[in-house]
file upload36.cif (mmCIF, C-alpha atoms)
data_data
#
loop_
_atom_site.label_atom_id
_atom_site.label_comp_id
_atom_site.auth_asym_id
_atom_site.auth_seq_id
_atom_site.Cartn_x
_atom_site.Cartn_y
_atom_site.Cartn_z
CA MET A 1 12.84 -82.10 143.25
CA LYS A 2 14.64 -79.82 145.64
CA LYS A 3 13.59 -76.19 145.93
CA PHE A 4 16.45 -73.66 145.71
CA THR A 5 16.20 -70.30 147.46
CA ARG A 6 18.77 -67.58 147.73
CA THR A 7 19.46 -65.41 150.66
CA ARG A 8 20.45 -61.77 150.40
CA GLY A 9 24.18 -62.43 150.92
CA GLU A 10 24.37 -64.91 148.07
CA CYS A 11 23.06 -62.55 145.40
CA GLY A 12 26.48 -61.03 144.70
CA ALA A 13 25.22 -57.46 144.63
CA SER A 14 27.34 -55.28 142.36
CA GLY A 15 27.89 -51.53 142.36
CA PHE A 16 29.57 -48.95 144.54
CA THR A 17 28.69 -47.82 147.99
CA LEU A 18 28.13 -44.16 148.67
CA VAL A 19 31.35 -43.96 150.69
CA GLU A 20 33.43 -45.41 147.81
CA LEU A 21 31.87 -42.96 145.38
CA MET A 22 32.55 -39.97 147.69
CA VAL A 23 36.20 -40.99 148.18
CA THR A 24 36.68 -41.33 144.41
CA VAL A 25 35.16 -37.89 143.75
CA ALA A 26 37.34 -36.33 146.50
CA VAL A 27 40.54 -37.83 145.03
CA LEU A 28 39.53 -36.65 141.54
CA ALA A 29 38.90 -33.12 142.85
CA ILE A 30 42.36 -33.02 144.46
CA VAL A 31 44.07 -34.21 141.27
CA VAL A 32 42.21 -31.65 139.14
CA GLY A 33 42.98 -28.90 141.67
CA ILE A 34 46.69 -29.66 141.49
CA GLY A 35 46.78 -29.97 137.68
CA ALA A 36 44.57 -27.00 136.71
CA PRO A 37 47.21 -24.24 137.11
CA ASP A 38 49.70 -26.20 134.99
CA LEU A 39 47.01 -26.73 132.37
CA MET A 40 46.30 -22.99 132.20
CA GLN A 41 49.99 -22.19 131.77
CA MET A 42 50.26 -24.79 129.01
CA ILE A 43 47.24 -23.29 127.21
CA GLN A 44 48.81 -19.82 127.44
CA ARG A 45 52.15 -21.12 126.12
CA GLN A 46 50.35 -22.73 123.18
CA ALA A 47 48.41 -19.53 122.40
CA VAL A 48 51.63 -17.49 122.35
CA ALA A 49 53.41 -20.15 120.26
CA SER A 50 50.54 -20.19 117.77
CA ALA A 51 50.60 -16.39 117.46
CA MET A 52 54.36 -16.46 116.84
CA GLN A 53 54.04 -19.19 114.19
CA THR A 54 51.43 -17.11 112.38
CA LEU A 55 53.59 -14.01 112.62
CA THR A 56 56.66 -15.89 111.37
CA ALA A 57 54.72 -17.13 108.34
CA ASP A 58 53.43 -13.61 107.73
CA LEU A 59 57.01 -12.27 107.92
CA ARG A 60 58.10 -14.63 105.14
CA PHE A 61 55.27 -13.45 102.90
CA PRO A 62 56.24 -9.74 102.48
CA ARG A 63 59.87 -10.71 101.99
CA SER A 64 59.00 -13.08 99.13
CA GLU A 65 56.49 -10.60 97.65
CA ALA A 66 59.12 -7.85 97.68
CA LEU A 67 61.51 -10.12 95.78
CA LYS A 68 58.79 -11.19 93.34
CA ARG A 69 57.27 -7.75 92.65
CA GLY A 70 60.44 -5.66 92.85
CA VAL A 71 58.85 -3.10 95.20
CA ILE A 72 58.86 -2.38 98.93
CA ILE A 73 56.34 -4.53 100.81
CA GLU A 74 55.74 -3.85 104.49
CA LEU A 75 54.25 -5.70 107.42
CA CYS A 76 52.80 -3.40 110.05
CA GLY A 77 50.32 -3.22 112.88
CA ALA A 78 46.81 -2.71 111.51
CA SER A 79 44.73 0.38 112.06
CA LEU A 80 41.06 0.07 111.08
CA THR A 81 38.75 2.77 109.76
CA THR A 82 35.09 1.99 109.11
CA ASN A 83 32.83 4.18 106.94
CA ASN A 84 29.34 3.03 105.99
CA SER A 85 30.14 -0.65 106.62
CA THR A 86 33.37 -0.41 104.58
CA THR A 87 36.54 -1.27 106.48
CA THR A 88 39.82 0.30 105.42
CA TYR A 89 43.14 -0.97 106.71
CA SER A 90 46.24 1.14 107.19
CA CYS A 91 49.42 0.94 109.25
CA VAL A 92 49.45 2.11 112.86
CA SER A 93 51.30 5.34 113.49
CA THR A 94 54.94 5.26 114.50
CA PRO A 95 55.42 4.94 118.27
CA SER A 96 57.20 7.65 120.18
CA SER A 97 60.92 7.23 120.73
CA GLY A 98 61.72 4.33 123.04
CA SER A 99 58.21 2.88 123.07
CA ARG A 100 56.90 -0.21 121.33
CA SER A 101 54.13 -0.44 118.75
CA ASN A 102 51.16 -2.55 119.94
CA TRP A 103 49.96 -4.91 117.21
CA LEU A 104 47.49 -6.80 119.38
CA ALA A 105 44.39 -4.62 119.05
CA ASN A 106 43.75 -5.09 115.32
CA GLY A 107 46.35 -7.62 114.23
CA TRP A 108 48.70 -6.80 111.36
CA ILE A 109 48.63 -6.28 107.61
CA VAL A 110 50.97 -6.79 104.68
CA ARG A 111 50.76 -4.05 102.07
CA ASP A 112 52.40 -2.82 98.91
CA THR A 113 53.86 0.62 99.73
CA GLN A 114 53.79 1.71 96.08
CA THR A 115 50.10 1.05 95.38
CA GLY A 116 48.80 0.94 98.96
CA ASP A 117 47.11 -2.40 98.25
CA VAL A 118 46.62 -4.61 101.29
CA LEU A 119 47.92 -8.08 100.39
CA ARG A 120 47.15 -9.90 103.64
CA VAL A 121 45.27 -9.21 106.86
CA SER A 122 45.91 -11.20 110.05
CA GLN A 123 43.46 -10.77 112.88
CA HIS A 124 44.68 -10.35 116.44
CA PRO A 125 45.61 -13.68 117.98
CA LEU A 126 43.32 -15.08 120.68
CA GLY A 127 44.66 -15.94 124.10
CA VAL A 128 47.62 -13.57 123.86
CA GLY A 129 48.04 -10.71 126.34
CA GLY A 130 50.35 -8.53 124.26
CA LEU A 131 52.02 -8.36 120.87
CA ASP A 132 54.48 -5.47 120.78
CA SER A 133 56.91 -4.54 118.03
CA SER A 134 60.11 -2.52 118.30
CA ARG A 135 59.06 -0.77 115.06
CA ALA A 136 55.71 0.38 113.71
CA SER A 137 56.36 -1.28 110.35
CA LEU A 138 58.77 -3.77 108.84
CA PRO A 139 59.41 -2.78 105.20
CA PHE A 140 61.15 -5.32 102.98
CA LEU A 141 63.19 -3.99 100.06
CA PRO A 142 63.02 -5.48 96.54
CA THR A 143 66.22 -7.35 97.46
CA GLY A 144 64.39 -9.15 100.30
CA LEU A 145 66.34 -7.31 102.98
CA LEU A 146 64.67 -5.55 105.88
CA GLN A 147 64.88 -1.78 105.46
CA GLY A 148 66.67 -0.14 108.37
CA VAL A 149 67.84 -1.85 111.53
CA ALA A 150 66.86 -5.25 112.87
CA ALA A 151 63.55 -5.50 114.73
CA ASN A 152 61.72 -7.70 117.18
CA VAL A 153 58.15 -8.56 118.12
CA LEU A 154 57.35 -9.70 121.67
CA ALA A 155 54.34 -11.94 122.38
CA THR A 156 53.23 -12.14 126.01
CA PRO A 157 50.63 -14.43 127.62
CA LEU A 158 47.40 -13.27 129.24
CA SER A 159 48.90 -13.89 132.68
CA ALA A 160 51.84 -11.58 133.34
CA SER A 161 53.23 -14.06 135.88
CA ASN A 162 53.64 -16.77 133.21
CA THR A 163 57.06 -15.62 131.97
CA SER A 164 57.86 -19.07 130.61
CA ALA A 165 55.35 -18.39 127.81
CA LEU A 166 57.11 -15.24 126.54
CA GLN A 167 58.31 -15.51 122.95
CA LEU A 168 60.30 -13.00 120.96
CA ALA A 169 60.57 -12.94 117.17
CA CYS A 170 63.96 -11.53 116.24
CA ILE A 171 64.07 -10.24 112.65
CA ASN A 172 67.59 -9.54 111.41
CA SER A 173 68.55 -7.13 108.63
CA THR A 174 68.47 -9.92 106.04
CA GLY A 175 64.79 -10.44 106.85
CA ARG A 176 65.20 -13.80 108.54
CA THR A 177 63.26 -14.55 111.71
CA ARG A 178 64.38 -16.44 114.80
CA ILE A 179 62.09 -17.22 117.75
CA VAL A 180 63.53 -16.90 121.27
CA LYS A 181 61.44 -18.48 124.03
CA GLY A 182 61.21 -17.14 127.58
CA SER A 183 63.28 -14.02 126.85
CA GLN A 184 62.77 -10.36 126.11
CA SER A 185 66.03 -9.85 124.26
CA CYS A 186 67.49 -11.22 121.04
#

call {"tool": "encode", "arguments": {"input": "upload36.cif", "output": "structure tokens"}}
result
Amino acid sequence: MKKFTRTRGECGASGFTLVELMVTVAVLAIVVGIGAPDLMQMIQRQAVASAMQTLTADLRFPRSEALKRGVIIELCGASLTTNNSTTTYSCVSTPSSGSRSNWLANGWIVRDTQTGDVLRVSQHPLGVGGLDSSRASLPFLPTGLLQGVAANVLATPLSASNTSALQLACINSTGRTRIVKGSQSC
């Protein structure tokens, strides 16, 4: 019977050397460093898009409620008042001439102007740098039309340099909404 012995070279050692591992980590770091800014811009675009989708849905709601109830229903920026752990919602005050109403701080509400009942509350969207409206409130008449002139709501990303993430909701006098991406005008 022949005795079999192995030498170190015949073992077929598996694994990675330290140099191979360091090169792999360095290449991975470079790829992540190149891709990270694009990832942040994509996240900001998605946050703005999500806020605009929520706002668009919330713009359909007061229009349909106005038609259903036969009264004026308005969507407006929310103003919060807290007394003894009770929170009361109301509309933000009208901005001065030429300025925009900021809806980001407290989100927005939908309310019945006749009874003052708040029908829906939407919290401020996360990951959005600004949400500014051309009007303090958007009242919808019992016919479903927007009272007064057309309006718009501009959503901006956290990073002011990311202009590709800008989205503008254009609300025409019939109460219909159209989203314009990357622009500040309808």

call {"tool": "closest_residue", "arguments": {"input": "upload36.cif", "among": "A:Val180, A:Ala160, A:Leu80, A:Val32", "to": "A:Val92", "atoms": "only C-alpha atoms"}}
result
A:Leu80

call {"tool": "residues_around", "arguments": {"input": "upload36.cif", "residues": "A:Leu168", "least_positions_apart": "2", "cutoff": "10 Å", "atoms": "only C-alpha atoms", "output": "list in words"}}
result
Val48, Ala49, Met52, Leu131, Asp132, Ser133, Asn152, Val153, Leu154, Ala155, Thr156, Leu166, Cys170, Ile171, Thr177, Arg178, Ile179, Val180, Lys181, Gly182, Ser183, Gln184, Ser185 and Cys186 of chain A

call {"tool": "closest_residue", "arguments": {"input": "upload36.cif", "among": "A:Val121, A:Ala51, A:Val23, A:Leu28", "to": "A:Pro157", "atoms": "only C-alpha atoms"}}
result
A:Ala51

call {"tool": "atom_distance", "arguments": {"input": "upload36.cif", "atom1": "atom CA of A:Trp103", "atom2": "atom CA of A:Ala136"}}
result
8.6 Å

call {"tool": "residues_around", "arguments": {"input": "upload36.cif", "residues": "A:Thr115", "least_positions_apart": "6", "cutoff": "12 Å", "atoms": "only C-alpha atoms", "output": "PyMOL selection string"}}
result
chain A and resi 69+71-74

call {"tool": "closest_residue", "arguments": {"input": "upload36.cif", "among": "A:Asp112, A:Val27, A:Leu18, A:Ser101", "to": "A:Pro142", "atoms": "only C-alpha atoms"}}
result
A:Asp112

call {"tool": "atom_distance", "arguments": {"input": "upload36.cif", "atom1": "atom CA of A:His124", "atom2": "atom CA of A:Ser161"}}
result
21.6 Å
